[in-house]
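Step one of this worksheet: look at the structure below.
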Amino acid sequence: MAKSLRETIKEITRIHLKKNKGIVMGQCLTAVGWVNGTLPELYEKDGMIELSMADVAGGGIVVGAALMGKKPIFIIRYQGFNWYNAPMIVNYACKSKEIWKVPCPMLIRGIGMEGGIGPVAGSSHHSLYFRMPGITIFSPMTSGEYKLVYDYFIKNDDVIYVSEHRNSFNNAAELPDKLEGKCDIIIFAISITRFEAIKVKEILKKKNIKIGIANILWIKPFKIKNSWLQNLKTSKYGGLVLDDDYESGIAKSIANDLNLKSGKKVFTMGLKNKSAGFSKQTDNLPPNSNEIIKKVNSIIHLLSKNR
Amino acid sequence: MLNSKQKINIFKTASLCRNFEQETFKYAKEKKIKIPIYLSAGQEYISSTISNLTRELKINPLIFPQHRCHSIYLSFGGDISKLINELFGSSLGCTYGMGGSASIHSTKINMFGHDGHMGTQAPIGVGACFSSKKPTIVFLGDASAEEDYVLGAIGWASTKNLPIVFIIEDNNLSILTRKKVRRNWKMHDVGRAFKIQSFDINDSPEEIYKYKNKFFKQPLLLNINTNRLFWHSGAGQDSNKTFDRYKFEMKKLGKKAENIHQINKKKIEKIWLNRFEKQLKK
């Protein structure tokens, strides 16, 4: 049976500490839960370093460890905490190689989650890093993708932001692109929205609307596969980028790149432009299958009218 | 106490720094340097004393400075010509023309460049010290020491009992805002609250040397009161009545120190001129 993503991250962490002699740093790592079961039960003597709760200083301490070549994995348990943890990563670690020719390789595990956790902790915040130079951003949702990301980290000296999502940790399947034949719309999906995109494809298939799915693992630098471009060019209504960060961020940037390369209209969906409350009726969740279907229908309606 | 050889060695280092900064002042005033500069004249006795102290201890520490760092770089053996090149924006500079005056670095002397956010050198230095276990010095100003993340970093250094020294170059000014306007607490009290041996002293070499035996055994914080002779940024003077440690020590050391000053003055003027002419040819 294939391993879940949770088990794969745990195994990779063990390899990082035991075989590759790296370190893992973060807050409340060794408490009950071990970061949703993604960490092996190891302690400071093994390289699993508990930081204090000083968020901004903690990010800087990890940067210092990276400067010393310790290849730290820095765990940020909720992506919203990046607002306090990221300053020295983006302003020092990401610039170090360019300014001082001193690489500062580190891997940041930013863990996304949403649903009743309020205005700060919820959702993904990878757009926060996206605009800064010197960072590589991935969003792996499968074991195979995560192994690829870790392998890249070990072989290179980049600062890597890994945008994870808790709802993917149970996933044991690989998620290949679905781009057979001529599609009506190509969905370019990031992070947890990839699972919703699969549902949308199945539902709309029954209504004779053909959806293609392009899974975005490499967010920055954004790599457009030839197959994506070809399928986008031949699609009837263009593309739709889905993100679980705010819409005015990576989603719009990627949509612009795709639009310029293909000449096709590329639409976007992400978090709504509002704060998330704790209650169900006030929450701000990533686009679900119903909302995506509505958007697809509105795109088809709009573009059919203009033809 | 310091013997005369130690005093002269410290003066030699300070003299190199002072004369360098005087020349930088001159070239900046004449607008031959076109980037913002942060002169350390007046404060150079701190880095000069500490670099001599670490040499005596036979330790090459990791150094994490901040923007006012010319004297730190020179005191610990940074290349003069490369620093001049840097101030001229040359790719042959110590930071390849990227660092300017404020973000200089040198892998040769274990000096790590500063990113421009005041005080980030504290957590970054603490992280480097923790993960490498190497003796480390973090230089801060009295203003950057106020950054919340500096306090978090000092706390963690205490928790992990690291071989690190926090040097606060306390010139009492954040640009021109005095400490008493900004806060009602003292940095050495903060250090003590974090269970770190902390002391509030002046920048005389004798005073700094009193703590030599405490260096790199466990975290140490020295808040060293000093004076900045020139503007926060650029070539100008806020007051001509500021106490000048360098002149005070030179006077105490007498003729021998005056000779060292003159020799260094000529030497550094020549290096500056040579670099400037090469720059013009480019």
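Numbering starts fresh at 1 for the residues of each chain in the structure tokens, the chains themselves are lettered A, B, ... in the order given, and ligands are numbered from 1 as they appear.
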
Within 6 Å of chain B: residues of chain A, using only C-alpha atoms, as a list in words: Ala54, Val56, Ala57, Gly60, Ile61, Val62, Val63, Gly64, Ala65, Met68, Tyr92, Ile99 and Trp100 of chain A

Any chance you could export the current selection's C-alpha atoms as a PDB file, in the first residue's frame?
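The result, stored in out_6.pdb:
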```pdb
ATOM      1  CA  ALA A  54       9.525  34.511  20.033  1.00  0.00           C
ATOM      2  CA  VAL A  56      10.430  36.947  14.737  1.00  0.00           C
ATOM      3  CA  ALA A  57      13.627  36.017  16.593  1.00  0.00           C
ATOM      4  CA  GLY A  60      16.356  34.749  12.507  1.00  0.00           C
ATOM      5  CA  ILE A  61      17.850  31.970  14.622  1.00  0.00           C
ATOM      6  CA  VAL A  62      17.041  29.475  11.877  1.00  0.00           C
ATOM      7  CA  VAL A  63      18.661  31.791   9.309  1.00  0.00           C
ATOM      8  CA  GLY A  64      21.822  31.786  11.448  1.00  0.00           C
ATOM      9  CA  ALA A  65      21.829  27.990  11.484  1.00  0.00           C
ATOM     10  CA  MET A  68      26.451  27.715   9.094  1.00  0.00           C
ATOM     11  CA  TYR A  92      18.510  37.896   4.881  1.00  0.00           C
ATOM     12  CA  ILE A  99      24.669  40.090  -1.864  1.00  0.00           C
ATOM     13  CA  TRP A 100      27.447  38.281   0.002  1.00  0.00           C
TER      14      TRP A 100
END
```

Contact residues around Thr193 of chain A with only C-alpha atoms at 9 Å, ignoring same-chain residues under 3 positions, as a PyMOL selection string: chain A and resi 189-190+196-198+242-244+286-289

Expected file: the selected residues, C-alpha atoms, as a short mmCIF file (atom, residue, chain, number, x, y, z; two decimals), in the first residue's frame:
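Result saved to result_2.cif:
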```
data_model
loop_
_atom_site.label_atom_id
_atom_site.label_comp_id
_atom_site.auth_asym_id
_atom_site.auth_seq_id
_atom_site.Cartn_x
_atom_site.Cartn_y
_atom_site.Cartn_z
CA ALA A 189 -4.65 24.25 -9.28
CA ILE A 190 -2.42 25.00 -6.31
CA GLU A 196 -11.49 20.15 -5.50
CA ALA A 197 -10.42 20.43 -9.14
CA ILE A 198 -10.65 16.64 -9.48
CA LEU A 242 -7.18 28.14 -8.19
CA ASP A 243 -5.35 29.03 -5.00
CA ASP A 244 -6.01 28.81 -1.27
CA PRO A 286 -10.61 28.20 -0.42
CA PRO A 287 -12.86 27.70 -3.43
CA ASN A 288 -14.88 24.48 -3.13
CA SER A 289 -16.23 22.39 -6.00
#
```

Neighbour list for Cys94 of chain A as a VMD selection string, cut-off 7 Å, only C-alpha atoms, skip fewer than 6 positions in-chain: chain A and resid 133 to 135 159

What is the distance, in Å and to one decimal place, between atom CA of Gly42 of chain B and atom CA of Pro163 of chain B?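 These atoms are spaced 28.0 Å apart.
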
Based on DSSP run over this structure's backbone, return all residues of segment 102-230 of chain B in alpha helix (DSSP H), as a ChimeraX atom specification. /B:121-132,148-159,179-182,187-193,205-209

Quick one: pick out all strand (DSSP E) residues within segment 92-284 of chain A from a backbone DSSP run and write them as a PyMOL selection string. chain A and resi 106-112+135-138+159-165+185-190+211-216+218-220+239-246+266-271

Residues as selected, N, CA and C atoms, written as a short mmCIF file (atom, residue, chain, number, x, y, z; two decimals), in the first residue's frame, can you do that?
```
data_model
loop_
_atom_site.label_atom_id
_atom_site.label_comp_id
_atom_site.auth_asym_id
_atom_site.auth_seq_id
_atom_site.Cartn_x
_atom_site.Cartn_y
_atom_site.Cartn_z
N MET A 106 17.85 26.72 3.38
CA MET A 106 16.92 26.23 4.40
C MET A 106 15.61 25.85 3.74
N LEU A 107 14.88 25.00 4.40
CA LEU A 107 13.57 24.59 3.88
C LEU A 107 12.53 24.98 4.91
N ILE A 108 11.57 25.78 4.48
CA ILE A 108 10.52 26.22 5.40
C ILE A 108 9.27 25.40 5.11
N ARG A 109 8.81 24.69 6.11
CA ARG A 109 7.56 23.96 5.98
C ARG A 109 6.44 24.84 6.51
N GLY A 110 5.71 25.48 5.63
CA GLY A 110 4.57 26.29 6.05
C GLY A 110 3.32 25.44 5.90
N ILE A 111 2.62 25.23 6.99
CA ILE A 111 1.50 24.28 6.95
C ILE A 111 0.17 25.04 6.92
N GLY A 112 -0.57 24.80 5.86
CA GLY A 112 -1.86 25.45 5.69
C GLY A 112 -2.99 24.62 6.31
N ILE A 135 13.92 33.16 -3.57
CA ILE A 135 13.19 32.05 -2.94
C ILE A 135 12.61 31.11 -3.99
N THR A 136 12.59 29.84 -3.66
CA THR A 136 11.95 28.83 -4.51
C THR A 136 10.73 28.33 -3.74
N ILE A 137 9.60 28.26 -4.43
CA ILE A 137 8.36 27.86 -3.73
C ILE A 137 7.75 26.63 -4.39
N PHE A 138 7.46 25.65 -3.57
CA PHE A 138 6.77 24.44 -4.02
C PHE A 138 5.49 24.27 -3.20
N VAL A 159 16.92 28.79 -0.73
CA VAL A 159 15.93 28.92 0.34
C VAL A 159 14.61 28.44 -0.27
N ILE A 160 14.02 27.43 0.35
CA ILE A 160 12.83 26.81 -0.24
C ILE A 160 11.63 26.95 0.69
N TYR A 161 10.56 27.48 0.14
CA TYR A 161 9.32 27.51 0.92
C TYR A 161 8.42 26.39 0.42
N VAL A 162 8.03 25.52 1.33
CA VAL A 162 7.15 24.41 0.97
C VAL A 162 5.77 24.68 1.56
N SER A 163 4.86 24.97 0.67
CA SER A 163 3.49 25.29 1.10
C SER A 163 2.71 23.98 1.22
N GLU A 164 2.58 23.52 2.46
CA GLU A 164 1.87 22.26 2.72
C GLU A 164 0.42 22.55 3.11
N HIS A 165 -0.36 21.50 3.15
CA HIS A 165 -1.73 21.64 3.66
C HIS A 165 -2.10 20.40 4.45
N ILE A 185 -12.05 24.11 -20.57
CA ILE A 185 -11.29 24.98 -19.65
C ILE A 185 -10.18 24.17 -18.98
N ILE A 186 -9.02 24.78 -18.82
CA ILE A 186 -7.94 24.12 -18.07
C ILE A 186 -7.89 24.76 -16.69
N ILE A 187 -7.95 23.91 -15.67
CA ILE A 187 -7.81 24.42 -14.30
C ILE A 187 -6.35 24.24 -13.87
N PHE A 188 -5.75 25.34 -13.43
CA PHE A 188 -4.39 25.31 -12.89
C PHE A 188 -4.54 25.40 -11.37
N ALA A 189 -4.29 24.29 -10.70
CA ALA A 189 -4.65 24.25 -9.28
C ALA A 189 -3.41 24.19 -8.38
N ILE A 190 -3.50 24.94 -7.28
CA ILE A 190 -2.42 25.00 -6.31
C ILE A 190 -2.91 24.43 -4.99
N ILE A 211 -13.06 19.40 -18.59
CA ILE A 211 -12.09 20.17 -17.80
C ILE A 211 -10.73 19.48 -17.86
N GLY A 212 -9.69 20.25 -18.10
CA GLY A 212 -8.33 19.73 -17.98
C GLY A 212 -7.74 20.19 -16.65
N ILE A 213 -6.87 19.38 -16.08
CA ILE A 213 -6.26 19.77 -14.80
C ILE A 213 -4.73 19.81 -14.93
N ALA A 214 -4.17 20.97 -14.60
CA ALA A 214 -2.71 21.13 -14.54
C ALA A 214 -2.36 21.38 -13.07
N ASN A 215 -1.54 20.49 -12.52
CA ASN A 215 -1.19 20.59 -11.10
C ASN A 215 0.07 21.43 -10.92
N ILE A 216 -0.04 22.50 -10.16
CA ILE A 216 1.12 23.39 -9.99
C ILE A 216 1.89 22.98 -8.74
N TRP A 218 5.62 23.54 -8.82
CA TRP A 218 6.62 24.61 -8.81
C TRP A 218 5.89 25.95 -8.92
N ILE A 219 5.81 26.64 -7.82
CA ILE A 219 5.13 27.94 -7.87
C ILE A 219 6.11 29.04 -8.25
N LYS A 220 7.32 28.97 -7.68
CA LYS A 220 8.34 29.96 -8.04
C LYS A 220 9.70 29.30 -8.09
N GLY A 239 -8.27 29.43 -19.27
CA GLY A 239 -7.86 28.77 -18.03
C GLY A 239 -8.44 29.40 -16.80
N LEU A 240 -8.30 28.67 -15.69
CA LEU A 240 -8.75 29.16 -14.38
C LEU A 240 -7.71 28.72 -13.35
N VAL A 241 -7.09 29.70 -12.68
CA VAL A 241 -6.10 29.38 -11.64
C VAL A 241 -6.81 29.36 -10.29
N LEU A 242 -6.58 28.27 -9.53
CA LEU A 242 -7.18 28.14 -8.19
C LEU A 242 -6.08 28.19 -7.14
N ASP A 243 -6.33 28.95 -6.08
CA ASP A 243 -5.35 29.03 -5.00
C ASP A 243 -6.08 29.04 -3.66
N ASP A 244 -5.39 28.66 -2.59
CA ASP A 244 -6.01 28.81 -1.27
C ASP A 244 -5.31 29.91 -0.47
N ASP A 245 -4.65 30.80 -1.19
CA ASP A 245 -4.20 32.08 -0.63
C ASP A 245 -5.15 33.13 -1.23
N TYR A 246 -4.99 34.38 -0.81
CA TYR A 246 -5.85 35.42 -1.39
C TYR A 246 -5.66 35.47 -2.90
N VAL A 266 -7.21 33.92 -18.85
CA VAL A 266 -7.03 33.03 -17.71
C VAL A 266 -7.61 33.72 -16.48
N PHE A 267 -8.60 33.06 -15.87
CA PHE A 267 -9.31 33.63 -14.72
C PHE A 267 -8.71 33.12 -13.41
N THR A 268 -9.14 33.70 -12.30
CA THR A 268 -8.57 33.30 -11.01
C THR A 268 -9.63 33.13 -9.93
N MET A 269 -9.34 32.25 -9.01
CA MET A 269 -10.15 32.12 -7.79
C MET A 269 -9.21 31.85 -6.63
N GLY A 270 -9.52 32.42 -5.49
CA GLY A 270 -8.74 32.16 -4.29
C GLY A 270 -9.56 32.53 -3.09
N LEU A 271 -8.88 32.90 -2.02
CA LEU A 271 -9.64 33.37 -0.85
C LEU A 271 -10.31 34.69 -1.21
#
```

If you count only C-alpha atoms, which residues fall within 10 Å of Lys233 of chain A, apart from same-chain ones fewer than 4 positions away, as an mmCIF file with C-alpha atoms, in the first residue's frame?
```cif
data_model
loop_
_atom_site.group_PDB
_atom_site.id
_atom_site.type_symbol
_atom_site.label_atom_id
_atom_site.label_comp_id
_atom_site.auth_asym_id
_atom_site.auth_seq_id
_atom_site.Cartn_x
_atom_site.Cartn_y
_atom_site.Cartn_z
ATOM 1 C CA LYS A 182 -9.289 19.292 -26.417
ATOM 2 C CA CYS A 183 -10.657 20.810 -23.211
ATOM 3 C CA ILE A 186 -7.939 24.122 -18.073
ATOM 4 C CA SER A 227 1.681 20.267 -22.348
ATOM 5 C CA TRP A 228 -0.057 22.960 -20.278
ATOM 6 C CA LEU A 229 0.609 25.620 -22.864
ATOM 7 C CA TYR A 237 -12.497 29.040 -22.964
ATOM 8 C CA GLY A 238 -8.992 29.441 -21.583
ATOM 9 C CA GLY A 239 -7.858 28.772 -18.033
ATOM 10 C CA LEU A 258 -0.244 32.018 -18.712
ATOM 11 C CA ASN A 259 -2.272 34.656 -20.506
ATOM 12 C CA LYS A 261 2.267 32.963 -23.166
ATOM 13 C CA SER A 262 -0.944 31.517 -24.590
ATOM 14 C CA GLY A 263 -2.993 34.509 -25.668
ATOM 15 C CA LYS A 264 -5.956 32.910 -23.856
ATOM 16 C CA LYS A 265 -8.000 34.460 -21.075
#
```

Measuring atom to atom with only C-alpha atoms, identify which of A:Ile23, A:Leu29, A:Ile209, A:Ile9 is nearest to Glu41 of chain A.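 Of A:Ile23, A:Leu29, A:Ile209, A:Ile9, the one nearest Glu41 of chain A is A:Leu29, counting only C-alpha atoms.
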
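Minimum atom-to-atom distance to Asn85 of chain B, evaluated using only C-alpha atoms, belongs to B:Thr24 out of B:Glu30, B:Leu16, B:Thr24, B:Ser239.
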